[in-house]
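Participant: Could you have a look at this structure, given as structure tokens, before my questions?
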Amino acid sequence: MESAKTRILLADDHALVRRGLRLILDAEPDLVVVAEAADGAEAVEAARSEEIDLAILDIAMPRMTGIQAAREISRQAPHVRILILSMYDNEQYFFEALKAGASGYVLKSVADQDLLEACRAAMRGEPFLYPGAVTALIRDYLRRARQGERVPDSILTPREEEIVKLIAEGNSAKEIAETLFISVKTVDRHRANILQKLGMRDRLELTRYAIRAGLVEP
């Protein structure tokens with residue numbers, strides 16, 4: 001069904017690269033390229049004005065880099081998932097991409113193998129990391145732990161943890177709002193953010209997470 005397809009924005013300053021990637025993506029039944037951009041500024045504009053689910057951004061583009069564009073798209077069109085496409089197997093770029101809001105980092109050299117998997121992972125709300133990036137993350141974690149830096153125990157804020165705990169304990173949005181003296185709308189917004197951050201879909205998965213994180217007793 002056409003409406004079930006993931007609508008993709010493809011941004012790369014080389015028309016030939018765009019054409020090659022488009023052939024790979026459009027050959028899939030669940031993916032369709034609906035917009036193209038030749039630089040980061042065009043990509044931001046397209047993400048704002050077109051109906052896009054996923055933006056694939058080359059890291060090195062004129063006017064505005066892929067990372068700068070990712071930052072802007074995350075701010076202006078937060079519903080759009082982002083993948084960074086790069087020639088560089090470089091930890092610094094990889095960490096910058098994650099900080100800018102990207103769900104994944106795909107190396108151009110293996111894009112024909114990895115890109116489709118990365119697109120689907122991003123749309124499931126899961127990160128896509130190539131093997132070198134996983135190693136970099138572990139190394140960074142160990143370095144910070146060794147240097148005595150506080151390694152974050154959770155990607156959730158204290159307020160979000162409070163809400164996860166209350167959800168896991170079976171409270172409704174209305175009950176949570178009353179307990180925390182906030183509106184139901186704010187509870188819903190927090191819940192949506194939490195699900196997106198953790199790559200989860202529902203109360204059951206959140207409850208399992210709360211048990212694992214020690215927020216509630218099993």
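Each chain of the structure tokens is named A, B, ... in the order shown, its residues numbered from 1; ligands are numbered from 1 in display order.
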Where does DSSP see strand (DSSP E or B) in range 17-48 of chain A, if you list the residues as a PyMOL selection string?

Facilitator: chain A and resi 31-37

Participant: Okay, now the selection with N, CA, C and O atoms, as a JSON list (two decimals), in the first residue's frame?

Facilitator:
[["chain", "number", "residue", "atom", "x", "y", "z"],
["A", 31, "LEU", "N", 10.03, 1.52, 0.70],
["A", 31, "LEU", "CA", 10.78, 2.78, 0.72],
["A", 31, "LEU", "C", 10.56, 3.55, -0.58],
["A", 31, "LEU", "O", 10.49, 2.95, -1.65],
["A", 32, "VAL", "N", 10.47, 4.87, -0.48],
["A", 32, "VAL", "CA", 10.34, 5.68, -1.69],
["A", 32, "VAL", "C", 11.01, 7.04, -1.49],
["A", 32, "VAL", "O", 10.80, 7.69, -0.46],
["A", 33, "VAL", "N", 11.85, 7.45, -2.45],
["A", 33, "VAL", "CA", 12.48, 8.77, -2.38],
["A", 33, "VAL", "C", 11.49, 9.78, -2.95],
["A", 33, "VAL", "O", 11.07, 9.68, -4.10],
["A", 34, "VAL", "N", 11.08, 10.75, -2.11],
["A", 34, "VAL", "CA", 10.09, 11.73, -2.55],
["A", 34, "VAL", "C", 10.70, 13.12, -2.75],
["A", 34, "VAL", "O", 10.06, 14.01, -3.30],
["A", 35, "ALA", "N", 11.95, 13.31, -2.28],
["A", 35, "ALA", "CA", 12.59, 14.62, -2.44],
["A", 35, "ALA", "C", 14.11, 14.45, -2.46],
["A", 35, "ALA", "O", 14.64, 13.52, -1.85],
["A", 36, "GLU", "N", 14.76, 15.35, -3.20],
["A", 36, "GLU", "CA", 16.23, 15.34, -3.25],
["A", 36, "GLU", "C", 16.75, 16.73, -2.94],
["A", 36, "GLU", "O", 16.05, 17.72, -3.16],
["A", 37, "ALA", "N", 17.97, 16.79, -2.43],
["A", 37, "ALA", "CA", 18.61, 18.09, -2.15],
["A", 37, "ALA", "C", 20.09, 17.98, -2.48],
["A", 37, "ALA", "O", 20.70, 16.92, -2.31]]

Participant: Step one, run DSSP on the backbone; step two, keep only residues of range 57-146 of chain A assigned to alpha helix (DSSP H); then write them as number ranges by chain.

Facilitator: A: 66-76, 91-99, 111-123, 131-146

Participant: Write out as a PyMOL selection string each polymer residue whose atoms come within 9 Å of Ile24 in chain A, counting only C-alpha atoms; drop sequence neighbours fewer than 6 positions from it.

Facilitator: chain A and resi 112+115-116

Participant: If we count only C-alpha atoms, what is near range 186-191 of chain A at a cut-off of 7 Å, once residues fewer than 3 positions away on the same chain are taken out, given as a VMD selection string?

Facilitator: chain A and resid 160 173 177 182 to 183 194 to 195

Participant: With N, CA and C atoms retained, could you export that selection as a PDB file, in the first residue's frame?

Facilitator:
ATOM      1  N   GLU A 160      11.529  12.313  33.535  1.00  0.00           N
ATOM      2  CA  GLU A 160      11.084  11.209  32.676  1.00  0.00           C
ATOM      3  C   GLU A 160      11.119   9.882  33.427  1.00  0.00           C
ATOM      4  N   ALA A 173      -2.696   8.429  32.585  1.00  0.00           N
ATOM      5  CA  ALA A 173      -2.119   9.758  32.313  1.00  0.00           C
ATOM      6  C   ALA A 173      -2.730  10.795  33.257  1.00  0.00           C
ATOM      7  N   ALA A 177      -0.699  13.001  35.976  1.00  0.00           N
ATOM      8  CA  ALA A 177      -0.795  14.465  35.932  1.00  0.00           C
ATOM      9  C   ALA A 177      -1.131  15.025  37.315  1.00  0.00           C
ATOM     10  N   ILE A 182       1.047  18.376  36.886  1.00  0.00           N
ATOM     11  CA  ILE A 182       1.246  18.853  35.508  1.00  0.00           C
ATOM     12  C   ILE A 182       0.006  18.484  34.706  1.00  0.00           C
ATOM     13  N   SER A 183      -0.093  18.982  33.478  1.00  0.00           N
ATOM     14  CA  SER A 183      -1.280  18.686  32.672  1.00  0.00           C
ATOM     15  C   SER A 183      -1.151  17.307  32.020  1.00  0.00           C
ATOM     16  N   ILE A 194       9.843   9.735  25.867  1.00  0.00           N
ATOM     17  CA  ILE A 194      10.464   8.569  26.515  1.00  0.00           C
ATOM     18  C   ILE A 194      10.466   7.389  25.547  1.00  0.00           C
ATOM     19  N   LEU A 195       9.317   7.122  24.922  1.00  0.00           N
ATOM     20  CA  LEU A 195       9.220   5.995  23.983  1.00  0.00           C
ATOM     21  C   LEU A 195      10.209   6.163  22.844  1.00  0.00           C
TER      22      LEU A 195
END

Participant: Would you pick out the contacts of range 4-11 of chain A at 8 Å or less, using only C-alpha atoms, so that residues sharing its chain but fewer than 5 positions from it are not included, and give the list as number ranges by chain?

Facilitator: A: 18, 22, 29-40, 43, 46-47, 51-58, 123

Participant: Mind checking which residues fall within 9 Å of Ala60 in chain A, counting only C-alpha atoms, ignoring those fewer than 3 positions away in the same chain, and posting them as a ChimeraX atom specification?

Facilitator: /A:12-13,39-40,57,64-67,85-87

Participant: Could you save the residues just selected, with N, CA, C and O atoms, as a PDB file, in the first residue's frame?

Facilitator:
ATOM      1  N   ASP A  12      22.633  14.892  -1.144  1.00  0.00           N
ATOM      2  CA  ASP A  12      24.053  14.686  -1.466  1.00  0.00           C
ATOM      3  C   ASP A  12      24.385  15.659  -2.581  1.00  0.00           C
ATOM      4  O   ASP A  12      23.569  15.883  -3.472  1.00  0.00           O
ATOM      5  N   ASP A  13      25.583  16.254  -2.523  1.00  0.00           N
ATOM      6  CA  ASP A  13      25.893  17.254  -3.550  1.00  0.00           C
ATOM      7  C   ASP A  13      26.332  16.636  -4.874  1.00  0.00           C
ATOM      8  O   ASP A  13      26.521  17.342  -5.852  1.00  0.00           O
ATOM      9  N   ASP A  39      22.354  20.277  -1.210  1.00  0.00           N
ATOM     10  CA  ASP A  39      23.161  20.787  -0.097  1.00  0.00           C
ATOM     11  C   ASP A  39      22.319  20.788   1.182  1.00  0.00           C
ATOM     12  O   ASP A  39      21.113  20.532   1.144  1.00  0.00           O
ATOM     13  N   GLY A  40      22.970  21.100   2.294  1.00  0.00           N
ATOM     14  CA  GLY A  40      22.306  21.022   3.590  1.00  0.00           C
ATOM     15  C   GLY A  40      21.131  21.985   3.740  1.00  0.00           C
ATOM     16  O   GLY A  40      20.096  21.634   4.306  1.00  0.00           O
ATOM     17  N   LEU A  57      21.306  12.184   4.862  1.00  0.00           N
ATOM     18  CA  LEU A  57      22.125  13.375   4.605  1.00  0.00           C
ATOM     19  C   LEU A  57      23.597  13.018   4.459  1.00  0.00           C
ATOM     20  O   LEU A  57      24.183  12.390   5.352  1.00  0.00           O
ATOM     21  N   MET A  64      25.907  24.080   3.861  1.00  0.00           N
ATOM     22  CA  MET A  64      25.585  23.589   5.197  1.00  0.00           C
ATOM     23  C   MET A  64      25.899  22.101   5.221  1.00  0.00           C
ATOM     24  O   MET A  64      25.451  21.366   4.345  1.00  0.00           O
ATOM     25  N   THR A  65      26.698  21.655   6.179  1.00  0.00           N
ATOM     26  CA  THR A  65      27.072  20.229   6.217  1.00  0.00           C
ATOM     27  C   THR A  65      25.875  19.372   6.626  1.00  0.00           C
ATOM     28  O   THR A  65      24.862  19.877   7.123  1.00  0.00           O
ATOM     29  N   GLY A  66      26.043  18.056   6.449  1.00  0.00           N
ATOM     30  CA  GLY A  66      24.986  17.132   6.855  1.00  0.00           C
ATOM     31  C   GLY A  66      24.701  17.215   8.344  1.00  0.00           C
ATOM     32  O   GLY A  66      23.554  17.103   8.786  1.00  0.00           O
ATOM     33  N   ILE A  67      25.763  17.434   9.139  1.00  0.00           N
ATOM     34  CA  ILE A  67      25.574  17.506  10.597  1.00  0.00           C
ATOM     35  C   ILE A  67      24.825  18.783  10.979  1.00  0.00           C
ATOM     36  O   ILE A  67      23.911  18.748  11.807  1.00  0.00           O
ATOM     37  N   LEU A  85      25.196   9.922   6.058  1.00  0.00           N
ATOM     38  CA  LEU A  85      25.944   9.120   5.095  1.00  0.00           C
ATOM     39  C   LEU A  85      27.346   9.707   5.009  1.00  0.00           C
ATOM     40  O   LEU A  85      27.485  10.922   4.842  1.00  0.00           O
ATOM     41  N   SER A  86      28.370   8.878   5.164  1.00  0.00           N
ATOM     42  CA  SER A  86      29.713   9.456   5.235  1.00  0.00           C
ATOM     43  C   SER A  86      30.781   8.586   4.577  1.00  0.00           C
ATOM     44  O   SER A  86      30.689   7.359   4.592  1.00  0.00           O
ATOM     45  N   MET A  87      31.786   9.265   4.021  1.00  0.00           N
ATOM     46  CA  MET A  87      32.960   8.560   3.499  1.00  0.00           C
ATOM     47  C   MET A  87      33.922   8.245   4.634  1.00  0.00           C
ATOM     48  O   MET A  87      34.846   7.467   4.493  1.00  0.00           O
TER      49      MET A  87
END

Participant: Could you give me, as a list of chain:residue names, the residues within 9 Å of Glu162 in chain A, counting only C-alpha atoms and dropping anything in the same chain fewer than 4 positions from it?

Facilitator: A:Thr157, A:Pro158, A:Leu166, A:Ile167, A:Leu180, A:Leu215

Participant: I'd like the interatomic distance between CA of Lys99 in chain A and CA of Glu117 in chain A, to a tenth of an Å.

Facilitator: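 Computed distance, CA of Lys99 in chain A to CA of Glu117 in chain A, equals 21.3 Å.
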
Participant: Of the candidates A:Tyr93, A:Leu25, A:Ala41, A:Ala77, which shows the shortest atom-to-atom distance to Pro62 in chain A, using only C-alpha atoms?

Facilitator: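 Using only C-alpha atoms, Pro62 in chain A sits closest to A:Ala41.
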
Participant: How far is it from CA of Tyr88 in chain A to CA of Tyr105 in chain A, in Å with one decimal?

Facilitator: 10.0 Å

Participant: Work out how far apart CA of Lys185 in chain A and CA of Pro78 in chain A are and give it in Å to one decimal.

Facilitator: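 The value is 17.7 Å.
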
Participant: Nearest to Ser109 in chain A among A:Val17, A:Ile211, A:Val184, A:Gly170, with distances taken over only C-alpha atoms: which residue is it?

Facilitator: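 That would be A:Val17, the residue with the smallest distance to Ser109 in chain A.
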